[in-house]
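Q: my_file13.pdb is reproduced below (PDB, C-alpha atoms).
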ATOM      1  CA  MET P   1       0.000   0.000   0.000  1.00  0.00           C
ATOM      2  CA  LYS P   2       2.869   2.427   0.828  1.00  0.00           C
ATOM      3  CA  LEU P   3       4.481   1.669  -2.526  1.00  0.00           C
ATOM      4  CA  LEU P   4       1.230   2.466  -4.349  1.00  0.00           C
ATOM      5  CA  THR P   5       1.033   5.778  -2.486  1.00  0.00           C
ATOM      6  CA  HIS P   6       4.572   6.641  -3.603  1.00  0.00           C
ATOM      7  CA  ILE P   7       3.693   5.690  -7.184  1.00  0.00           C
ATOM      8  CA  SER P   8       0.545   7.859  -7.211  1.00  0.00           C
ATOM      9  CA  SER P   9       2.387  10.893  -5.819  1.00  0.00           C
ATOM     10  CA  LEU P  10       5.293  10.504  -8.202  1.00  0.00           C
ATOM     11  CA  SER P  11       2.981  10.090 -11.209  1.00  0.00           C
ATOM     12  CA  PHE P  12       1.363  13.479 -10.435  1.00  0.00           C
ATOM     13  CA  PHE P  13       4.782  15.110 -10.080  1.00  0.00           C
ATOM     14  CA  VAL P  14       6.127  13.676 -13.346  1.00  0.00           C
ATOM     15  CA  SER P  15       2.997  14.755 -15.225  1.00  0.00           C
ATOM     16  CA  SER P  16       3.166  18.270 -13.724  1.00  0.00           C
ATOM     17  CA  PHE P  17       6.865  18.612 -14.552  1.00  0.00           C
ATOM     18  CA  THR P  18       6.254  17.612 -18.151  1.00  0.00           C
ATOM     19  CA  LEU P  19       3.643  20.341 -18.451  1.00  0.00           C
ATOM     20  CA  SER P  20       5.818  22.934 -16.770  1.00  0.00           C
ATOM     21  CA  SER P  21       8.714  22.414 -19.187  1.00  0.00           C
ATOM     22  CA  ALA P  22       6.576  22.874 -22.280  1.00  0.00           C
ATOM     23  CA  PHE P  23       7.056  26.636 -22.655  1.00  0.00           C
ATOM     24  CA  THR P  24       9.009  29.577 -21.290  1.00  0.00           C
ATOM     25  CA  THR P  25       7.511  31.784 -18.566  1.00  0.00           C
ATOM     26  CA  PHE P  26       7.335  35.335 -19.852  1.00  0.00           C
ATOM     27  CA  HIS P  27       7.723  37.314 -16.639  1.00  0.00           C
ATOM     28  CA  PRO P  28       8.448  36.668 -12.958  1.00  0.00           C
ATOM     29  CA  LYS P  29       4.993  38.026 -12.004  1.00  0.00           C
ATOM     30  CA  THR P  30       3.307  35.592 -14.375  1.00  0.00           C
ATOM     31  CA  THR P  31       2.164  32.303 -12.932  1.00  0.00           C
ATOM     32  CA  ASN P  32       3.177  29.198 -14.850  1.00  0.00           C
ATOM     33  CA  ILE P  33       0.380  26.988 -13.526  1.00  0.00           C
ATOM     34  CA  ASN P  34       2.074  23.697 -14.226  1.00  0.00           C
ATOM     35  CA  MET P  35       5.370  24.761 -12.649  1.00  0.00           C
ATOM     36  CA  TYR P  36       3.459  25.999  -9.610  1.00  0.00           C
ATOM     37  CA  MET P  37       1.690  22.685  -9.215  1.00  0.00           C
ATOM     38  CA  SER P  38       4.923  20.697  -9.437  1.00  0.00           C
ATOM     39  CA  SER P  39       6.773  22.806  -6.888  1.00  0.00           C
ATOM     40  CA  SER P  40       6.568  21.094  -3.536  1.00  0.00           C
ATOM     41  CA  SER P  41       9.241  20.855  -0.870  1.00  0.00           C
ATOM     42  CA  PRO P  42       7.700  20.469   2.626  1.00  0.00           C
ATOM     43  CA  GLU P  43      10.156  20.874   5.484  1.00  0.00           C
ATOM     44  CA  SER P  44       9.994  19.317   8.907  1.00  0.00           C
ATOM     45  CA  SER P  45       9.610  21.759  11.789  1.00  0.00           C
ATOM     46  CA  GLU P  46      10.872  19.295  14.395  1.00  0.00           C
ATOM     47  CA  THR P  47      14.516  18.767  15.367  1.00  0.00           C
ATOM     48  CA  SER P  48      16.066  15.823  17.127  1.00  0.00           C
ATOM     49  CA  SER P  49      17.117  16.262  20.723  1.00  0.00           C
ATOM     50  CA  THR P  50      19.541  13.342  20.878  1.00  0.00           C
ATOM     51  CA  ALA P  51      22.140  11.751  18.637  1.00  0.00           C
ATOM     52  CA  SER P  52      20.159   8.519  18.560  1.00  0.00           C
ATOM     53  CA  ASP P  53      17.115  10.353  17.178  1.00  0.00           C
ATOM     54  CA  LEU P  54      19.231  11.818  14.379  1.00  0.00           C
ATOM     55  CA  THR P  55      20.549   8.383  13.497  1.00  0.00           C
ATOM     56  CA  SER P  56      17.017   6.998  13.440  1.00  0.00           C
ATOM     57  CA  ARG P  57      15.746   9.809  11.198  1.00  0.00           C
ATOM     58  CA  ARG P  58      18.641   9.285   8.784  1.00  0.00           C
ATOM     59  CA  SER P  59      17.795   5.602   8.607  1.00  0.00           C
ATOM     60  CA  ILE P  60      14.139   6.357   7.866  1.00  0.00           C
ATOM     61  CA  LEU P  61      15.123   8.888   5.189  1.00  0.00           C
ATOM     62  CA  GLN P  62      17.439   6.423   3.481  1.00  0.00           C
ATOM     63  CA  THR P  63      14.683   3.820   3.453  1.00  0.00           C
ATOM     64  CA  SER P  64      12.185   6.305   1.989  1.00  0.00           C
ATOM     65  CA  LEU P  65      14.601   7.355  -0.756  1.00  0.00           C
ATOM     66  CA  THR P  66      15.230   3.736  -1.656  1.00  0.00           C
ATOM     67  CA  THR P  67      11.472   3.122  -1.898  1.00  0.00           C
ATOM     68  CA  LEU P  68      10.965   6.290  -3.962  1.00  0.00           C
ATOM     69  CA  THR P  69      13.715   5.240  -6.392  1.00  0.00           C
ATOM     70  CA  ALA P  70      12.074   1.866  -6.870  1.00  0.00           C
ATOM     71  CA  SER P  71       8.708   3.564  -7.355  1.00  0.00           C
ATOM     72  CA  SER P  72      10.204   5.891  -9.968  1.00  0.00           C
ATOM     73  CA  ILE P  73      11.442   2.971 -12.009  1.00  0.00           C
ATOM     74  CA  LEU P  74       8.051   1.318 -11.799  1.00  0.00           C
ATOM     75  CA  VAL P  75       6.217   4.506 -12.781  1.00  0.00           C
ATOM     76  CA  SER P  76       8.391   4.925 -15.876  1.00  0.00           C
ATOM     77  CA  SER P  77       7.386   1.434 -16.915  1.00  0.00           C
ATOM     78  CA  LEU P  78       3.649   1.738 -16.178  1.00  0.00           C
ATOM     79  CA  SER P  79       2.967   5.382 -17.092  1.00  0.00           C
ATOM     80  CA  SER P  80       0.102   5.739 -19.601  1.00  0.00           C
ATOM     81  CA  PHE P  81       1.387   9.032 -20.986  1.00  0.00           C
ATOM     82  CA  PRO P  82       4.735   9.182 -22.805  1.00  0.00           C
ATOM     83  CA  GLN P  83       6.918  11.780 -21.125  1.00  0.00           C
ATOM     84  CA  GLN P  84       9.128  14.271 -22.919  1.00  0.00           C
ATOM     85  CA  SER P  85      12.702  14.899 -21.896  1.00  0.00           C
ATOM     86  CA  SER P  86      13.103  16.779 -18.636  1.00  0.00           C
ATOM     87  CA  ALA P  87      15.804  18.999 -20.166  1.00  0.00           C
ATOM     88  CA  ARG P  88      14.801  22.661 -20.177  1.00  0.00           C
ATOM     89  CA  LEU P  89      14.057  24.006 -23.638  1.00  0.00           C
ATOM     90  CA  ASP P  90      16.145  26.896 -24.879  1.00  0.00           C
ATOM     91  CA  PRO P  91      14.137  30.141 -25.042  1.00  0.00           C
ATOM     92  CA  VAL P  92      13.209  31.496 -28.477  1.00  0.00           C
ATOM     93  CA  ASN P  93      12.806  35.138 -29.468  1.00  0.00           C
ATOM     94  CA  ASN P  94      11.874  35.349 -33.145  1.00  0.00           C
ATOM     95  CA  PRO P  95       9.824  38.451 -34.083  1.00  0.00           C
ATOM     96  CA  SER P  96       9.925  37.450 -37.769  1.00  0.00           C
ATOM     97  CA  LEU P  97       7.265  34.814 -37.024  1.00  0.00           C
ATOM     98  CA  LEU P  98       4.789  37.386 -35.692  1.00  0.00           C
ATOM     99  CA  PRO P  99       1.831  38.429 -37.874  1.00  0.00           C
ATOM    100  CA  SER P 100       2.421  41.376 -40.173  1.00  0.00           C
ATOM    101  CA  THR P 101      -0.823  42.933 -38.943  1.00  0.00           C
ATOM    102  CA  PRO P 102      -1.238  44.184 -35.350  1.00  0.00           C
ATOM    103  CA  ASN P 103      -3.644  42.949 -32.681  1.00  0.00           C
ATOM    104  CA  GLU P 104      -4.120  39.390 -33.935  1.00  0.00           C
ATOM    105  CA  VAL P 105      -5.408  37.381 -30.966  1.00  0.00           C
ATOM    106  CA  VAL P 106      -4.660  34.004 -32.574  1.00  0.00           C
ATOM    107  CA  ILE P 107      -1.184  33.232 -33.915  1.00  0.00           C
ATOM    108  CA  GLN P 108      -0.416  29.994 -35.729  1.00  0.00           C
ATOM    109  CA  THR P 109       3.117  29.070 -36.738  1.00  0.00           C
ATOM    110  CA  GLU P 110       1.775  25.511 -36.769  1.00  0.00           C
ATOM    111  CA  LYS P 111      -1.673  25.296 -38.375  1.00  0.00           C
ATOM    112  CA  PHE P 112      -3.746  23.277 -35.942  1.00  0.00           C
ATOM    113  CA  LEU P 113      -6.939  25.210 -36.738  1.00  0.00           C
ATOM    114  CA  THR P 114      -8.746  25.809 -40.009  1.00  0.00           C
ATOM    115  CA  SER P 115      -9.328  29.364 -41.217  1.00  0.00           C
ATOM    116  CA  GLY P 116     -12.960  29.073 -40.109  1.00  0.00           C
ATOM    117  CA  GLN P 117     -11.961  27.934 -36.632  1.00  0.00           C
ATOM    118  CA  VAL P 118      -9.424  30.756 -36.352  1.00  0.00           C
ATOM    119  CA  LYS P 119     -12.144  33.263 -37.265  1.00  0.00           C
ATOM    120  CA  ARG P 120     -14.555  31.842 -34.683  1.00  0.00           C
ATOM    121  CA  MET P 121     -11.939  31.746 -31.908  1.00  0.00           C
ATOM    122  CA  SER P 122     -10.781  35.270 -32.757  1.00  0.00           C
ATOM    123  CA  ASP P 123     -14.336  36.580 -32.534  1.00  0.00           C
ATOM    124  CA  LEU P 124     -14.741  34.903 -29.115  1.00  0.00           C
ATOM    125  CA  LEU P 125     -11.534  36.400 -27.752  1.00  0.00           C
ATOM    126  CA  VAL P 126     -12.124  39.900 -29.077  1.00  0.00           C
ATOM    127  CA  ALA P 127     -15.659  39.949 -27.650  1.00  0.00           C
ATOM    128  CA  LEU P 128     -14.416  38.596 -24.303  1.00  0.00           C
ATOM    129  CA  GLU P 129     -11.875  41.393 -23.946  1.00  0.00           C
ATOM    130  CA  LYS P 130     -14.379  44.049 -24.970  1.00  0.00           C
ATOM    131  CA  ASP P 131     -17.044  42.878 -22.519  1.00  0.00           C
ATOM    132  CA  THR P 132     -14.964  41.764 -19.521  1.00  0.00           C
ATOM    133  CA  GLY P 133     -11.452  43.177 -19.863  1.00  0.00           C
ATOM    134  CA  PHE P 134      -9.896  39.687 -19.772  1.00  0.00           C
ATOM    135  CA  ARG P 135      -7.349  39.140 -22.531  1.00  0.00           C
ATOM    136  CA  LEU P 136      -7.191  35.558 -23.796  1.00  0.00           C
ATOM    137  CA  ARG P 137      -4.617  34.824 -26.481  1.00  0.00           C
ATOM    138  CA  LEU P 138      -3.810  31.686 -28.458  1.00  0.00           C
ATOM    139  CA  LEU P 139      -0.416  30.627 -29.805  1.00  0.00           C
ATOM    140  CA  CYS P 140      -0.206  27.436 -31.880  1.00  0.00           C
ATOM    141  CA  GLN P 141       3.397  26.426 -32.429  1.00  0.00           C
ATOM    142  CA  SER P 142       5.835  23.614 -33.058  1.00  0.00           C
ATOM    143  CA  TYR P 143       8.949  24.324 -31.035  1.00  0.00           C
ATOM    144  CA  PRO P 144      11.344  25.834 -32.032  1.00  0.00           C
ATOM    145  CA  ASN P 145       9.191  27.280 -34.821  1.00  0.00           C
ATOM    146  CA  THR P 146       7.648  29.965 -32.611  1.00  0.00           C
ATOM    147  CA  PRO P 147       7.937  33.718 -32.005  1.00  0.00           C
ATOM    148  CA  GLY P 148       8.555  32.799 -28.362  1.00  0.00           C
ATOM    149  CA  LEU P 149       9.369  35.763 -26.158  1.00  0.00           C
ATOM    150  CA  ALA P 150       8.594  38.180 -28.985  1.00  0.00           C
ATOM    151  CA  ILE P 151       4.889  37.869 -28.171  1.00  0.00           C
ATOM    152  CA  ARG P 152       5.460  39.902 -25.001  1.00  0.00           C
ATOM    153  CA  ASP P 153       5.781  43.083 -27.009  1.00  0.00           C
ATOM    154  CA  TYR P 154       3.249  42.090 -29.663  1.00  0.00           C
ATOM    155  CA  TRP P 155       0.531  41.319 -27.091  1.00  0.00           C
ATOM    156  CA  ASP P 156       1.795  43.770 -24.439  1.00  0.00           C
ATOM    157  CA  LEU P 157       1.967  41.245 -21.610  1.00  0.00           C
ATOM    158  CA  GLY P 158       4.407  39.565 -19.257  1.00  0.00           C
ATOM    159  CA  LYS P 159       6.722  42.577 -19.046  1.00  0.00           C
ATOM    160  CA  ASP P 160       7.269  45.841 -17.217  1.00  0.00           C
ATOM    161  CA  GLY P 161       4.787  48.491 -18.280  1.00  0.00           C
ATOM    162  CA  GLN P 162       2.345  45.930 -19.671  1.00  0.00           C
ATOM    163  CA  LYS P 163      -1.247  46.986 -20.345  1.00  0.00           C
ATOM    164  CA  ASP P 164      -2.541  44.951 -17.375  1.00  0.00           C
ATOM    165  CA  ASP P 165      -2.207  41.516 -15.796  1.00  0.00           C
ATOM    166  CA  LYS P 166      -5.663  40.226 -16.728  1.00  0.00           C
ATOM    167  CA  TYR P 167      -4.438  37.882 -19.430  1.00  0.00           C
ATOM    168  CA  VAL P 168      -4.125  34.207 -20.316  1.00  0.00           C
ATOM    169  CA  VAL P 169      -1.917  32.832 -23.062  1.00  0.00           C
ATOM    170  CA  LEU P 170      -2.768  29.335 -24.283  1.00  0.00           C
ATOM    171  CA  VAL P 171       0.292  27.801 -25.927  1.00  0.00           C
ATOM    172  CA  VAL P 172      -0.421  24.683 -27.975  1.00  0.00           C
ATOM    173  CA  ASP P 173       2.470  22.416 -28.974  1.00  0.00           C
ATOM    174  CA  GLN P 174       2.450  18.678 -29.650  1.00  0.00           C
ATOM    175  CA  PHE P 175       6.157  18.136 -28.947  1.00  0.00           C
ATOM    176  CA  GLY P 176       6.197  15.096 -31.185  1.00  0.00           C
ATOM    177  CA  GLY P 177       3.094  13.595 -29.614  1.00  0.00           C
ATOM    178  CA  LYS P 178       4.628  13.398 -26.150  1.00  0.00           C
ATOM    179  CA  GLY P 179       2.952  14.952 -23.152  1.00  0.00           C
ATOM    180  CA  ASN P 180       0.064  17.389 -22.788  1.00  0.00           C
ATOM    181  CA  VAL P 181      -0.563  19.759 -25.696  1.00  0.00           C
ATOM    182  CA  LEU P 182      -2.228  22.557 -23.683  1.00  0.00           C
ATOM    183  CA  ASN P 183      -0.031  24.913 -21.689  1.00  0.00           C
ATOM    184  CA  PHE P 184      -1.133  28.086 -19.958  1.00  0.00           C
ATOM    185  CA  ASN P 185       0.582  31.284 -18.936  1.00  0.00           C
ATOM    186  CA  VAL P 186      -1.694  33.151 -16.524  1.00  0.00           C
ATOM    187  CA  GLY P 187      -1.435  36.750 -15.345  1.00  0.00           C
ATOM    188  CA  ASP P 188      -1.998  37.686 -11.705  1.00  0.00           C
ATOM    189  CA  GLY P 189      -5.275  39.397 -12.584  1.00  0.00           C
ATOM    190  CA  VAL P 190      -6.885  36.081 -13.570  1.00  0.00           C
ATOM    191  CA  LYS P 191      -5.758  33.878 -10.689  1.00  0.00           C
ATOM    192  CA  PHE P 192      -8.686  34.737  -8.429  1.00  0.00           C
ATOM    193  CA  ALA P 193     -11.240  34.054 -11.173  1.00  0.00           C
ATOM    194  CA  LEU P 194      -9.610  30.837 -12.359  1.00  0.00           C
ATOM    195  CA  PRO P 195      -7.361  29.296  -9.677  1.00  0.00           C
ATOM    196  CA  ASN P 196      -4.599  26.779 -10.262  1.00  0.00           C
ATOM    197  CA  VAL P 197      -6.823  23.728  -9.906  1.00  0.00           C
ATOM    198  CA  PHE P 198      -8.952  24.879 -12.861  1.00  0.00           C
ATOM    199  CA  TRP P 199      -5.977  24.953 -15.228  1.00  0.00           C
ATOM    200  CA  THR P 200      -4.792  21.553 -14.064  1.00  0.00           C
ATOM    201  CA  ARG P 201      -8.236  20.053 -14.694  1.00  0.00           C
ATOM    202  CA  LEU P 202      -8.612  21.812 -18.039  1.00  0.00           C
ATOM    203  CA  SER P 203      -5.292  20.573 -19.418  1.00  0.00           C
ATOM    204  CA  SER P 204      -5.972  17.086 -18.067  1.00  0.00           C
ATOM    205  CA  LYS P 205      -9.415  16.942 -19.694  1.00  0.00           C
ATOM    206  CA  TYR P 206      -8.632  18.219 -23.179  1.00  0.00           C
ATOM    207  CA  GLY P 207      -4.861  18.237 -23.571  1.00  0.00           C
ATOM    208  CA  ASN P 208      -3.999  14.602 -22.876  1.00  0.00           C
ATOM    209  CA  THR P 209      -2.776  12.395 -25.722  1.00  0.00           C
ATOM    210  CA  PHE P 210      -5.825  10.136 -25.627  1.00  0.00           C
ATOM    211  CA  PHE P 211      -8.307  13.000 -26.106  1.00  0.00           C
ATOM    212  CA  VAL P 212      -6.224  14.515 -28.907  1.00  0.00           C
ATOM    213  CA  LYS P 213      -5.893  11.174 -30.679  1.00  0.00           C
ATOM    214  CA  GLU P 214      -9.628  10.448 -30.483  1.00  0.00           C
ATOM    215  CA  ASN P 215     -10.972  13.938 -31.227  1.00  0.00           C
ATOM    216  CA  GLY P 216      -8.222  15.920 -32.926  1.00  0.00           C
ATOM    217  CA  ILE P 217      -6.029  18.723 -31.630  1.00  0.00           C
ATOM    218  CA  ASP P 218      -8.365  21.346 -33.107  1.00  0.00           C
ATOM    219  CA  ILE P 219     -11.224  20.138 -30.892  1.00  0.00           C
ATOM    220  CA  ALA P 220      -8.908  20.122 -27.880  1.00  0.00           C
ATOM    221  CA  ILE P 221      -8.078  23.778 -28.569  1.00  0.00           C
ATOM    222  CA  THR P 222     -11.606  24.994 -29.273  1.00  0.00           C
ATOM    223  CA  ASN P 223     -13.060  23.143 -26.262  1.00  0.00           C
ATOM    224  CA  ALA P 224     -10.410  24.656 -23.987  1.00  0.00           C
ATOM    225  CA  ILE P 225     -10.985  28.171 -25.325  1.00  0.00           C
ATOM    226  CA  GLU P 226     -14.761  27.888 -24.969  1.00  0.00           C
ATOM    227  CA  ALA P 227     -14.429  26.583 -21.393  1.00  0.00           C
ATOM    228  CA  ILE P 228     -12.246  29.537 -20.389  1.00  0.00           C
ATOM    229  CA  VAL P 229     -14.559  32.050 -22.056  1.00  0.00           C
ATOM    230  CA  GLN P 230     -17.636  30.535 -20.447  1.00  0.00           C
ATOM    231  CA  CYS P 231     -16.056  30.711 -16.979  1.00  0.00           C
ATOM    232  CA  LEU P 232     -14.846  34.288 -17.351  1.00  0.00           C
ATOM    233  CA  ARG P 233     -18.287  35.331 -18.620  1.00  0.00           C
ATOM    234  CA  SER P 234     -20.221  33.529 -15.888  1.00  0.00           C
ATOM    235  CA  GLU P 235     -22.142  35.502 -13.288  1.00  0.00           C
ATOM    236  CA  ASP P 236     -19.489  34.882 -10.641  1.00  0.00           C
ATOM    237  CA  ALA P 237     -16.592  34.995 -13.127  1.00  0.00           C
ATOM    238  CA  TYR P 238     -15.147  32.063 -11.192  1.00  0.00           C
ATOM    239  CA  CYS P 239     -14.549  28.364 -11.903  1.00  0.00           C
ATOM    240  CA  VAL P 240     -12.692  25.475 -10.347  1.00  0.00           C
ATOM    241  CA  ASN P 241     -14.327  22.792 -12.510  1.00  0.00           C
ATOM    242  CA  VAL P 242     -14.268  22.622 -16.285  1.00  0.00           C
ATOM    243  CA  PRO P 243     -17.720  23.319 -17.814  1.00  0.00           C
ATOM    244  CA  ASP P 244     -19.343  20.660 -19.956  1.00  0.00           C
ATOM    245  CA  THR P 245     -19.136  20.963 -23.717  1.00  0.00           C
ATOM    246  CA  GLY P 246     -22.093  22.014 -25.830  1.00  0.00           C
ATOM    247  CA  VAL P 247     -22.512  25.420 -24.194  1.00  0.00           C
ATOM    248  CA  SER P 248     -24.948  27.980 -25.564  1.00  0.00           C
ATOM    249  CA  MET P 249     -23.772  30.798 -27.783  1.00  0.00           C
ATOM    250  CA  LYS P 250     -25.207  33.248 -25.262  1.00  0.00           C
ATOM    251  CA  SER P 251     -22.876  32.004 -22.537  1.00  0.00           C
ATOM    252  CA  LEU P 252     -19.976  32.624 -24.922  1.00  0.00           C
ATOM    253  CA  GLY P 253     -21.080  36.178 -25.628  1.00  0.00           C
ATOM    254  CA  LEU P 254     -22.359  35.502 -29.139  1.00  0.00           C
TER     255      LEU P 254
END
With the file now loaded, output its structure as structure tokens.
A:
Amino acid sequence: MKLLTHISSLSFFVSSFTLSSAFTTFHPKTTNINMYMSSSSPESSETSSTASDLTSRRSILQTSLTTLTASSILVSSLSSFPQQSSARLDPVNNPSLLPSTPNEVVIQTEKFLTSGQVKRMSDLLVALEKDTGFRLRLLCQSYPNTPGLAIRDYWDLGKDGQKDDKYVVLVVDQFGGKGNVLNFNVGDGVKFALPNVFWTRLSSKYGNTFFVKENGIDIAITNAIEAIVQCLRSEDAYCVNVPDTGVSMKSLGL
């Protein structure tokens, strides 16, 4: 039973780390949801009063580490989701891949969406910003074919002197079919409306490899966008659970 507990905990950590390494955080004040969820280092507040206690604690720690190592090997064998390399990706800053026209809310250097889908998503995002002030942006890429950090200036976010911190950037990248395709960069002004647990559930529901394989990456993107818009437009402007699909046009502001 203890081994299963270790396996469950480690599986969540590995999945969270994979998500957190998928894209570069734009600004220290921006919350990378997946990195936040994978950061956990609890410290003991008790100290040993005798040398024998210290020896005992060291023995327990060594045993726990041995068990965790064994669990890690087992998880890598049983994991349902292929994991990408844990190496940090080099940041990209390529303004030449930005649109030639200003204020585009959807950027595709990798065409996951049709022209009709881009038009519909753009209309949703523009209307959302006009009615609520929340800025939702979509970047579809195939690393390293991405404008990367250049979007900070183009979208005026994640930097000093930015327009505001009420923004969300959805970065979509398949990374060769490994790991979750949906990654979020969330400004401080959105965290109270959509807390960390919402983003974890959203990426788990629509961004996993099974959903993408069965439904297509375009449906994963549009479902995620519509869920975010519906939550930010709700009466409370607050969600912890992902709304069901098949929402009304009215709830999306159309």
Q: For segment 174-177 of chain P, find every residue with an atom within 8 Å (counting all atoms listed in the file), except residues of its own chain fewer than 4 positions away, and show them as a ChimeraX atom specification.
A: /P:84,142-143,181,209
Q: Nearest residue to Val172 of chain P out of P:Cys140, P:Val212, P:Ile228, P:Val106, using only C-alpha atoms?
A: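 Nearest candidate to Val172 of chain P out of P:Cys140, P:Val212, P:Ile228, P:Val106: P:Cys140.
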Q: Rounded to one decimal place, report the atom CA of Pro95 of chain P-atom CA of Gly207 of chain P distance in Å.
A: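 These two atoms are separated by 27.1 Å.
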Q: Using all atoms listed in the file, can you tell me which of P:Asn215, P:Asn208, P:Thr222, P:Thr200 comes closest to Leu124 of chain P?
A: P:Thr222
Q: For the provided coordinates, the residues matched by the PyMOL selection byres ((chain P and resi 224) around 10) should be stated as an NGL selection string.
A: :P and (170 or 182 or 199 or 202-203 or 205-207 or 218-223 or 225-230 or 242-243 or 245)
Q: Check what the PyMOL selection byres ((chain P and resi 131) around 12) selects in the file above and give those residues as a PDB file with C-alpha atoms, in the coordinates of the input.
A:
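The resulting file, out.pdb, is reproduced below:
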ATOM      1  CA  LEU P 124     -14.741  34.903 -29.115  1.00  0.00           C
ATOM      2  CA  LEU P 125     -11.534  36.400 -27.752  1.00  0.00           C
ATOM      3  CA  VAL P 126     -12.124  39.900 -29.077  1.00  0.00           C
ATOM      4  CA  ALA P 127     -15.659  39.949 -27.650  1.00  0.00           C
ATOM      5  CA  LEU P 128     -14.416  38.596 -24.303  1.00  0.00           C
ATOM      6  CA  GLU P 129     -11.875  41.393 -23.946  1.00  0.00           C
ATOM      7  CA  LYS P 130     -14.379  44.049 -24.970  1.00  0.00           C
ATOM      8  CA  THR P 132     -14.964  41.764 -19.521  1.00  0.00           C
ATOM      9  CA  GLY P 133     -11.452  43.177 -19.863  1.00  0.00           C
ATOM     10  CA  PHE P 134      -9.896  39.687 -19.772  1.00  0.00           C
ATOM     11  CA  ARG P 135      -7.349  39.140 -22.531  1.00  0.00           C
ATOM     12  CA  VAL P 229     -14.559  32.050 -22.056  1.00  0.00           C
ATOM     13  CA  LEU P 232     -14.846  34.288 -17.351  1.00  0.00           C
ATOM     14  CA  ARG P 233     -18.287  35.331 -18.620  1.00  0.00           C
ATOM     15  CA  SER P 234     -20.221  33.529 -15.888  1.00  0.00           C
ATOM     16  CA  LEU P 252     -19.976  32.624 -24.922  1.00  0.00           C
ATOM     17  CA  GLY P 253     -21.080  36.178 -25.628  1.00  0.00           C
ATOM     18  CA  LEU P 254     -22.359  35.502 -29.139  1.00  0.00           C
TER      19      LEU P 254
END
Q: Do you have the atom CA of Asp236 of chain P-atom CA of Leu194 of chain P distance handy?
A: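 A separation of 10.8 Å between them.
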Q: Go through P:Gly187, P:Pro102, P:Gly216, P:Gly116 and flag the residue nearest Asp164 of chain P, using all atoms listed in the file for the distances.
A: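 That would be P:Gly187, the residue with the smallest distance to Asp164 of chain P.
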Q: Rank P:Val118, P:Leu138, P:Ile151, P:Cys231 by their smallest atom-to-atom distance to Phe198 of chain P, using only C-alpha atoms, and report the top residue only.
A: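 Checking each of P:Val118, P:Leu138, P:Ile151, P:Cys231 against Phe198 of chain P, counting only C-alpha atoms, the winner is P:Cys231.
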Q: Give me, please, the distance in Å between atom CA of Asp173 of chain P and atom CA of Thr109 of chain P, quoted to one decimal.
A: 10.2 Å
Q: Could you give me, as a ChimeraX atom specification, the residues that sit within 9 Å of (3.5, 40.2, -30.5) in the file's coordinates, counting only C-alpha atoms?
A: /P:95,98-99,102-104,147,149-156
Q: Which polymer residues have any atom within 6 Å of an atom of segment 189-191 of chain P, counting all atoms listed in the file, with same-chain residues fewer than 4 positions away left out, as an MDAnalysis selection string?
A: chainID P and resid 165:166 195
Q: Which of these residues is nearest to Lys213 of chain P, using all atoms listed in the file: P:Thr114, P:Asn180, P:Gln141, P:Asn196?
A: P:Asn180
Q: Around all the atoms of segment 162-178 of chain P listed in the file, with 6 Å of room on each side, what axis-aligned box do you get, giving centre and edge lengths in Å to one decimal, as lines of an AutoDock Vina configuration file?
A:
center_x = 0.3
center_y = 30.2
center_z = -23.5
size_x = 23.9
size_y = 45.6
size_z = 27.4
